[in-house]
$ cat entry-v1.pdb   # PDB, C-alpha atoms, pLDDT in the B column
MODEL        1
ATOM      1  CA  MET A  20     -29.814  16.178  29.922  1.00 44.00           C
ATOM      2  CA  THR A  21     -26.374  16.596  31.520  1.00 44.00           C
ATOM      3  CA  ARG A  22     -25.139  20.150  31.801  1.00 44.00           C
ATOM      4  CA  HIS A  23     -21.409  20.724  31.424  1.00 50.00           C
ATOM      5  CA  LEU A  24     -19.602  23.741  32.865  1.00 45.00           C
ATOM      6  CA  PRO A  25     -17.742  25.827  30.466  1.00 50.00           C
ATOM      7  CA  LEU A  26     -14.051  25.041  30.374  1.00 51.00           C
ATOM      8  CA  ALA A  27     -12.979  28.419  31.888  1.00 50.00           C
ATOM      9  CA  ALA A  28     -15.305  28.032  34.881  1.00 48.00           C
ATOM     10  CA  ALA A  29     -14.033  24.527  35.519  1.00 47.00           C
ATOM     11  CA  LEU A  30     -10.471  25.722  35.594  1.00 46.00           C
ATOM     12  CA  MET A  31     -11.309  28.484  38.143  1.00 49.00           C
ATOM     13  CA  LEU A  32     -12.964  26.024  40.478  1.00 47.00           C
ATOM     14  CA  ALA A  33      -9.945  23.779  40.315  1.00 51.00           C
ATOM     15  CA  THR A  34      -7.636  26.560  41.478  1.00 50.00           C
ATOM     16  CA  LEU A  35      -9.737  27.621  44.540  1.00 48.00           C
ATOM     17  CA  PRO A  36      -8.398  26.262  47.902  1.00 51.00           C
ATOM     18  CA  ALA A  37     -10.391  23.613  49.610  1.00 50.00           C
ATOM     19  CA  LEU A  38     -12.659  24.781  52.423  1.00 46.00           C
ATOM     20  CA  ALA A  39     -10.746  22.573  54.849  1.00 50.00           C
ATOM     21  CA  ASP A  40      -7.603  24.563  54.144  1.00 55.00           C
ATOM     22  CA  LEU A  41      -9.127  27.935  55.220  1.00 52.00           C
ATOM     23  CA  PRO A  42      -7.970  29.285  58.689  1.00 56.00           C
ATOM     24  CA  THR A  43     -10.437  28.561  61.467  1.00 60.00           C
ATOM     25  CA  ALA A  44      -8.824  30.535  64.373  1.00 64.00           C
ATOM     26  CA  LYS A  45     -10.246  33.982  65.177  1.00 65.00           C
ATOM     27  CA  PRO A  46      -7.885  36.914  64.816  1.00 64.00           C
ATOM     28  CA  PRO A  47      -6.528  38.271  68.141  1.00 65.00           C
ATOM     29  CA  PRO A  48      -8.603  41.051  69.636  1.00 63.00           C
ATOM     30  CA  ALA A  49      -7.415  44.578  69.035  1.00 60.00           C
ATOM     31  CA  GLU A  50      -5.237  45.949  71.847  1.00 60.00           C
ATOM     32  CA  PRO A  51      -7.394  48.006  74.197  1.00 57.00           C
ATOM     33  CA  ASN A  52      -6.673  51.726  74.592  1.00 57.00           C
ATOM     34  CA  ARG A  53      -3.981  52.396  77.144  1.00 57.00           C
ATOM     35  CA  ARG A  54      -5.234  54.070  80.304  1.00 58.00           C
ATOM     36  CA  VAL A  55      -3.836  57.486  81.191  1.00 52.00           C
ATOM     37  CA  LEU A  56      -2.230  57.536  84.615  1.00 55.00           C
ATOM     38  CA  GLN A  57      -4.407  59.594  86.911  1.00 61.00           C
ATOM     39  CA  VAL A  58      -2.587  61.450  89.708  1.00 55.00           C
ATOM     40  CA  GLU A  59      -4.697  62.769  92.502  1.00 66.00           C
ATOM     41  CA  LEU A  60      -4.168  66.425  93.197  1.00 65.00           C
ATOM     42  CA  PRO A  61      -3.095  67.295  96.738  1.00 62.00           C
ATOM     43  CA  THR A  62      -5.916  68.491  98.896  1.00 66.00           C
ATOM     44  CA  ASP A  63      -3.820  69.835 101.759  1.00 66.00           C
ATOM     45  CA  LYS A  64      -2.538  73.398 101.588  1.00 64.00           C
ATOM     46  CA  PRO A  65       1.264  73.803 101.540  1.00 60.00           C
ATOM     47  CA  PRO A  66       2.755  74.984 104.816  1.00 58.00           C
ATOM     48  CA  PRO A  67       3.114  78.762 105.059  1.00 57.00           C
ATOM     49  CA  ALA A  68       6.530  80.186 104.239  1.00 63.00           C
ATOM     50  CA  GLU A  69       8.660  80.765 107.300  1.00 74.00           C
ATOM     51  CA  LEU A  70       8.882  84.424 108.224  1.00 81.00           C
ATOM     52  CA  THR A  71      12.342  85.943 108.365  1.00 94.00           C
ATOM     53  CA  ALA A  72      13.384  88.970 110.382  1.00 96.00           C
ATOM     54  CA  ALA A  73      12.847  91.092 107.260  1.00 96.00           C
ATOM     55  CA  ASP A  74       9.181  90.031 107.154  1.00 95.00           C
ATOM     56  CA  ILE A  75       8.279  90.539 110.809  1.00 95.00           C
ATOM     57  CA  PRO A  76       6.533  93.897 111.232  1.00 93.00           C
ATOM     58  CA  GLY A  77       7.719  96.438 113.768  1.00 93.00           C
ATOM     59  CA  PRO A  78       8.546  98.901 115.084  1.00 96.00           C
ATOM     60  CA  ALA A  79       9.257  96.787 118.164  1.00 96.00           C
ATOM     61  CA  CYS A  80      12.275  94.528 117.703  1.00 97.00           C
ATOM     62  CA  THR A  81      11.516  90.848 118.223  1.00 97.00           C
ATOM     63  CA  PRO A  82      14.028  88.204 119.380  1.00 97.00           C
ATOM     64  CA  ALA A  83      14.578  87.289 115.721  1.00 96.00           C
ATOM     65  CA  HIS A  84      15.559  90.894 114.984  1.00 97.00           C
ATOM     66  CA  GLN A  85      17.678  91.206 118.088  1.00 97.00           C
ATOM     67  CA  ALA A  86      19.723  88.096 117.337  1.00 97.00           C
ATOM     68  CA  LEU A  87      20.857  89.569 114.014  1.00 98.00           C
ATOM     69  CA  ILE A  88      21.503  92.962 115.570  1.00 98.00           C
ATOM     70  CA  ASP A  89      23.638  91.471 118.364  1.00 98.00           C
ATOM     71  CA  ASP A  90      25.793  89.557 115.869  1.00 98.00           C
ATOM     72  CA  ALA A  91      26.296  92.718 113.830  1.00 98.00           C
ATOM     73  CA  LEU A  92      27.151  94.804 116.888  1.00 98.00           C
ATOM     74  CA  ALA A  93      29.814  92.329 117.987  1.00 98.00           C
ATOM     75  CA  GLU A  94      31.393  92.289 114.524  1.00 98.00           C
ATOM     76  CA  ALA A  95      31.274  96.090 114.246  1.00 98.00           C
ATOM     77  CA  GLN A  96      33.101  96.526 117.558  1.00 98.00           C
ATOM     78  CA  GLU A  97      35.849  94.116 116.546  1.00 97.00           C
ATOM     79  CA  ARG A  98      36.355  95.775 113.163  1.00 98.00           C
ATOM     80  CA  LEU A  99      36.259  99.303 114.617  1.00 98.00           C
ATOM     81  CA  ALA A 100      38.967  98.426 117.124  1.00 98.00           C
ATOM     82  CA  LYS A 101      41.254  97.267 114.309  1.00 98.00           C
ATOM     83  CA  ALA A 102      40.501 100.340 112.203  1.00 98.00           C
ATOM     84  CA  LEU A 103      41.260 102.644 115.124  1.00 98.00           C
ATOM     85  CA  ARG A 104      44.604 100.927 115.738  1.00 98.00           C
ATOM     86  CA  LEU A 105      45.561 101.439 112.096  1.00 98.00           C
ATOM     87  CA  VAL A 106      44.794 105.166 112.188  1.00 98.00           C
ATOM     88  CA  ARG A 107      46.725 105.627 115.430  1.00 98.00           C
ATOM     89  CA  ASP A 108      49.719 103.425 114.631  1.00 98.00           C
ATOM     90  CA  GLN A 109      50.031 104.036 110.874  1.00 98.00           C
ATOM     91  CA  PRO A 110      48.342 107.364 110.119  1.00 98.00           C
ATOM     92  CA  ASP A 111      49.905 107.520 106.652  1.00 97.00           C
ATOM     93  CA  HIS A 112      48.896 104.007 105.672  1.00 98.00           C
ATOM     94  CA  PRO A 113      47.596 103.896 102.046  1.00 98.00           C
ATOM     95  CA  HIS A 114      44.254 102.530 103.239  1.00 98.00           C
ATOM     96  CA  VAL A 115      43.724 105.580 105.452  1.00 98.00           C
ATOM     97  CA  THR A 116      44.718 107.957 102.668  1.00 98.00           C
ATOM     98  CA  ARG A 117      42.495 106.155 100.185  1.00 98.00           C
ATOM     99  CA  TRP A 118      39.336 106.844 102.183  1.00 98.00           C
ATOM    100  CA  PHE A 119      40.202 110.145 103.904  1.00 98.00           C
ATOM    101  CA  GLY A 120      42.831 111.842 101.774  1.00 98.00           C
ATOM    102  CA  SER A 121      44.775 114.391 103.794  1.00 98.00           C
ATOM    103  CA  ALA A 122      42.079 114.857 106.470  1.00 98.00           C
ATOM    104  CA  PRO A 123      43.397 115.270 110.028  1.00 98.00           C
ATOM    105  CA  ARG A 124      44.043 111.838 111.496  1.00 98.00           C
ATOM    106  CA  LYS A 125      42.973 113.032 114.923  1.00 98.00           C
ATOM    107  CA  THR A 126      39.485 113.817 113.557  1.00 98.00           C
ATOM    108  CA  ILE A 127      39.238 110.371 112.000  1.00 98.00           C
ATOM    109  CA  ALA A 128      40.411 108.647 115.173  1.00 98.00           C
ATOM    110  CA  ILE A 129      37.960 110.549 117.388  1.00 98.00           C
ATOM    111  CA  THR A 130      35.048 109.724 115.081  1.00 98.00           C
ATOM    112  CA  LEU A 131      35.939 106.030 115.101  1.00 98.00           C
ATOM    113  CA  GLU A 132      36.374 106.061 118.874  1.00 98.00           C
ATOM    114  CA  LEU A 133      33.023 107.752 119.513  1.00 98.00           C
ATOM    115  CA  THR A 134      31.234 105.392 117.125  1.00 98.00           C
ATOM    116  CA  ALA A 135      32.779 102.331 118.773  1.00 98.00           C
ATOM    117  CA  ALA A 136      31.739 103.549 122.216  1.00 97.00           C
ATOM    118  CA  ARG A 137      28.175 104.193 121.061  1.00 97.00           C
ATOM    119  CA  LEU A 138      27.810 100.724 119.533  1.00 97.00           C
ATOM    120  CA  ALA A 139      29.410  99.093 122.578  1.00 97.00           C
ATOM    121  CA  ASP A 140      26.621 100.479 124.753  1.00 95.00           C
ATOM    122  CA  THR A 141      23.233 100.738 123.039  1.00 94.00           C
ATOM    123  CA  SER A 142      21.255 101.094 126.258  1.00 91.00           C
ATOM    124  CA  GLY A 143      20.385 104.698 125.471  1.00 91.00           C
ATOM    125  CA  LEU A 144      19.365 104.041 121.870  1.00 94.00           C
ATOM    126  CA  ASN A 145      15.793 103.665 120.715  1.00 96.00           C
ATOM    127  CA  ILE A 146      16.274 100.868 118.174  1.00 97.00           C
ATOM    128  CA  ARG A 147      13.294 100.345 115.881  1.00 97.00           C
ATOM    129  CA  CYS A 148      12.881  97.411 113.530  1.00 98.00           C
ATOM    130  CA  ASN A 149      10.870  97.491 110.287  1.00 97.00           C
ATOM    131  CA  ASP A 150       8.990 100.649 111.193  1.00 95.00           C
ATOM    132  CA  PRO A 151       6.902 101.478 108.080  1.00 92.00           C
ATOM    133  CA  ALA A 152       6.977 105.186 108.875  1.00 91.00           C
ATOM    134  CA  GLY A 153      10.770 105.299 108.737  1.00 93.00           C
ATOM    135  CA  CYS A 154      11.433 102.731 106.013  1.00 94.00           C
ATOM    136  CA  PRO A 155      10.214 104.016 102.648  1.00 90.00           C
ATOM    137  CA  GLY A 156      11.514 102.439  99.462  1.00 86.00           C
ATOM    138  CA  GLY A 157      14.690 100.401  99.756  1.00 87.00           C
ATOM    139  CA  ARG A 158      16.198 102.207 102.730  1.00 93.00           C
ATOM    140  CA  PHE A 159      18.522 100.041 104.799  1.00 97.00           C
ATOM    141  CA  ALA A 160      18.464 102.066 107.992  1.00 97.00           C
ATOM    142  CA  TYR A 161      18.200 105.569 109.405  1.00 97.00           C
ATOM    143  CA  ALA A 162      19.344 107.540 112.415  1.00 96.00           C
ATOM    144  CA  ARG A 163      17.963 110.545 114.257  1.00 94.00           C
ATOM    145  CA  GLU A 164      20.603 112.158 116.406  1.00 93.00           C
ATOM    146  CA  ARG A 165      18.252 114.469 118.309  1.00 93.00           C
ATOM    147  CA  ASP A 166      16.256 111.658 119.950  1.00 93.00           C
ATOM    148  CA  LEU A 167      18.784 108.807 119.602  1.00 96.00           C
ATOM    149  CA  VAL A 168      16.640 106.735 117.237  1.00 97.00           C
ATOM    150  CA  LEU A 169      18.328 103.989 115.237  1.00 98.00           C
ATOM    151  CA  GLY A 170      15.934 102.464 112.712  1.00 98.00           C
ATOM    152  CA  LEU A 171      16.623  99.214 110.857  1.00 98.00           C
ATOM    153  CA  CYS A 172      14.541  98.386 107.789  1.00 98.00           C
ATOM    154  CA  PRO A 173      13.712  95.132 105.948  1.00 97.00           C
ATOM    155  CA  PRO A 174      16.675  95.432 103.509  1.00 97.00           C
ATOM    156  CA  TYR A 175      18.976  95.662 106.534  1.00 98.00           C
ATOM    157  CA  PHE A 176      17.793  92.279 107.790  1.00 98.00           C
ATOM    158  CA  ARG A 177      18.341  90.786 104.313  1.00 97.00           C
ATOM    159  CA  ALA A 178      21.913  92.124 104.109  1.00 97.00           C
ATOM    160  CA  ARG A 179      24.877  89.797 104.469  1.00 96.00           C
ATOM    161  CA  MET A 180      27.659  89.876 107.022  1.00 97.00           C
ATOM    162  CA  ASP A 181      30.462  90.225 104.474  1.00 95.00           C
ATOM    163  CA  GLY A 182      31.428  92.623 101.721  1.00 95.00           C
ATOM    164  CA  THR A 183      30.259  96.221 101.585  1.00 96.00           C
ATOM    165  CA  ASP A 184      26.920  97.298 103.026  1.00 96.00           C
ATOM    166  CA  ALA A 185      27.145  94.435 105.489  1.00 98.00           C
ATOM    167  CA  ARG A 186      24.828  94.450 108.482  1.00 98.00           C
ATOM    168  CA  TRP A 187      27.642  95.409 110.814  1.00 98.00           C
ATOM    169  CA  GLY A 188      28.951  98.065 108.404  1.00 98.00           C
ATOM    170  CA  ILE A 189      25.529  99.685 108.214  1.00 98.00           C
ATOM    171  CA  LEU A 190      25.558  99.950 112.008  1.00 98.00           C
ATOM    172  CA  ILE A 191      28.897 101.795 111.805  1.00 98.00           C
ATOM    173  CA  HIS A 192      27.378 104.237 109.311  1.00 98.00           C
ATOM    174  CA  GLU A 193      24.290 104.946 111.409  1.00 98.00           C
ATOM    175  CA  GLY A 194      26.190 104.824 114.692  1.00 98.00           C
ATOM    176  CA  SER A 195      28.599 107.498 113.445  1.00 98.00           C
ATOM    177  CA  HIS A 196      25.637 109.799 112.763  1.00 98.00           C
ATOM    178  CA  ILE A 197      24.433 109.495 116.340  1.00 97.00           C
ATOM    179  CA  ALA A 198      27.800 109.389 118.105  1.00 97.00           C
ATOM    180  CA  ALA A 199      29.922 111.769 116.031  1.00 97.00           C
ATOM    181  CA  ASN A 200      27.417 113.845 114.050  1.00 97.00           C
ATOM    182  CA  THR A 201      28.674 112.620 110.672  1.00 98.00           C
ATOM    183  CA  ARG A 202      26.901 113.693 107.515  1.00 97.00           C
ATOM    184  CA  ASP A 203      25.885 112.222 104.166  1.00 97.00           C
ATOM    185  CA  HIS A 204      27.902 114.277 101.701  1.00 97.00           C
ATOM    186  CA  ALA A 205      28.357 111.318  99.320  1.00 97.00           C
ATOM    187  CA  TYR A 206      27.077 107.786  99.011  1.00 95.00           C
ATOM    188  CA  ARG A 207      28.400 104.413  97.887  1.00 96.00           C
ATOM    189  CA  PRO A 208      32.104 103.448  97.620  1.00 97.00           C
ATOM    190  CA  ASN A 209      32.792 105.429  94.447  1.00 97.00           C
ATOM    191  CA  GLY A 210      31.246 108.568  95.864  1.00 98.00           C
ATOM    192  CA  ALA A 211      33.253 108.227  99.072  1.00 98.00           C
ATOM    193  CA  LEU A 212      36.517 107.675  97.185  1.00 98.00           C
ATOM    194  CA  VAL A 213      35.965 110.734  95.006  1.00 98.00           C
ATOM    195  CA  LEU A 214      35.174 112.801  98.090  1.00 98.00           C
ATOM    196  CA  ALA A 215      38.448 111.708  99.729  1.00 98.00           C
ATOM    197  CA  LYS A 216      40.380 112.989  96.711  1.00 98.00           C
ATOM    198  CA  GLU A 217      38.459 116.197  96.106  1.00 98.00           C
ATOM    199  CA  ASN A 218      37.450 117.307  99.596  1.00 98.00           C
ATOM    200  CA  ALA A 219      39.264 115.519 102.418  1.00 98.00           C
ATOM    201  CA  ALA A 220      37.628 117.632 105.122  1.00 98.00           C
ATOM    202  CA  ARG A 221      34.183 116.482 104.007  1.00 98.00           C
ATOM    203  CA  ALA A 222      35.392 112.908 103.687  1.00 98.00           C
ATOM    204  CA  ALA A 223      36.258 113.044 107.386  1.00 98.00           C
ATOM    205  CA  GLU A 224      32.629 114.052 108.061  1.00 98.00           C
ATOM    206  CA  ASN A 225      31.010 111.524 105.736  1.00 98.00           C
ATOM    207  CA  ALA A 226      29.387 108.424 107.223  1.00 98.00           C
ATOM    208  CA  ASP A 227      29.947 106.258 104.149  1.00 98.00           C
ATOM    209  CA  ASN A 228      33.695 106.955 104.235  1.00 98.00           C
ATOM    210  CA  TYR A 229      33.864 105.470 107.726  1.00 98.00           C
ATOM    211  CA  GLU A 230      31.680 102.514 106.826  1.00 98.00           C
ATOM    212  CA  TYR A 231      33.673 101.563 103.727  1.00 98.00           C
ATOM    213  CA  PHE A 232      37.009 102.339 105.353  1.00 98.00           C
ATOM    214  CA  VAL A 233      36.273  99.721 108.004  1.00 98.00           C
ATOM    215  CA  GLU A 234      34.495  97.255 105.699  1.00 98.00           C
ATOM    216  CA  THR A 235      37.361  97.129 103.195  1.00 98.00           C
ATOM    217  CA  LEU A 236      40.119  96.960 105.810  1.00 95.00           C
ATOM    218  CA  PRO A 237      41.969  93.649 105.296  1.00 87.00           C
ATOM    219  CA  ARG A 238      41.389  91.237 108.152  1.00 81.00           C
TER     220      ARG A 238
ENDMDL
END

$ encode --input "entry-v1.pdb" --output "structure tokens"
Amino acid sequence: MTRHLPLAAALMLATLPALADLPTAKPPPAEPNRRVLQVELPTDKPPPAELTAADIPGPACTPAHQALIDDALAEAQERLAKALRLVRDQPDHPHVTRWFGSAPRKTIAITLELTAARLADTSGLNIRCNDPAGCPGGRFAYARERDLVLGLCPPYFRARMDGTDARWGILIHEGSHIAANTRDHAYRPNGALVLAKENAARAAENADNYEYFVETLPR
């Protein structure tokens, strides 16, 4: 007995693609995971940071300290000579009045002269560099007149050679203490300027007035 497929089934078979028409190639393999670049960490230690004069312990001054001190001394002497000429030749110059008011010009000139002579010959000074005992906090420098000690602290060796509170200007401040017995009646430029207006006699005794007078003198 011959079996006949139902009409619907026959139509479905007729619409199926032939086996020969099916794709035979394999699909391409999936792209492998990308590798993460591995960078080897350095095994050598970085070189130590170079010590500056501000980092070298004292109190003995090393050649690195002395080189900076010598440069500052030379600049201080040159600037002091110019300042002294101004006071002698033009005692009423506005720059002199600005920093010393009506103080006697002879007093100012003598103080500058004594300070210049002291910094020109430091052979009798006991210069100490980065002495922990004398350098608390952010002190730049210090002076002891009685035993001719001039101490220079780490901030001094970080200071620049221009502007106010320059390395050479700080030497003028401390040198005036030792050479001319100046005092610290007021600090910083504003304090010194106010002192010149309100008490000229004290301005002529004040170390910062001499430092800033010379530092702000036009070259």

$ resolve_selection --input "entry-v1.pdb" --expression "the PyMOL selection byres ((chain A and resi 158-169) around 12)" --output "ChimeraX atom specification"
/A:73,78-80,88,137-138,141-157,170-178,184-203,226

$ residues_around --input "entry-v1.pdb" --residues "region 104-121 of chain A" --least-positions-apart "5" --cutoff "9 Å" --atoms "only C-alpha atoms" --output "ChimeraX atom specification"
/A:99,127-128,211-223,228-229,231-232,235-236

$ residues_near_point --input "entry-v1.pdb" --point "(41.0, 92.0, 109.2)" --cutoff "10 Å" --atoms "only C-alpha atoms" --output "PyMOL selection string"
chain A and resi 97-98+101-102+233-238

$ atom_distance --input "entry-v1.pdb" --atom1 "CA of Asn225 (chain A)" --atom2 "CA of Leu131 (chain A)"
11.9 Å

$ closest_residue --input "entry-v1.pdb" --among "A:Asn209, A:Thr183, A:Thr126, A:Gln96" --to "Ala139 (chain A)" --atoms "all atoms listed in the file"
A:Gln96

$ atom_distance --input "entry-v1.pdb" --atom1 "CA of Met180 (chain A)" --atom2 "CA of Ile75 (chain A)"
19.8 Å

$ atom_distance --input "entry-v1.pdb" --atom1 "CA of Ala91 (chain A)" --atom2 "CA of Pro76 (chain A)"
20.0 Å
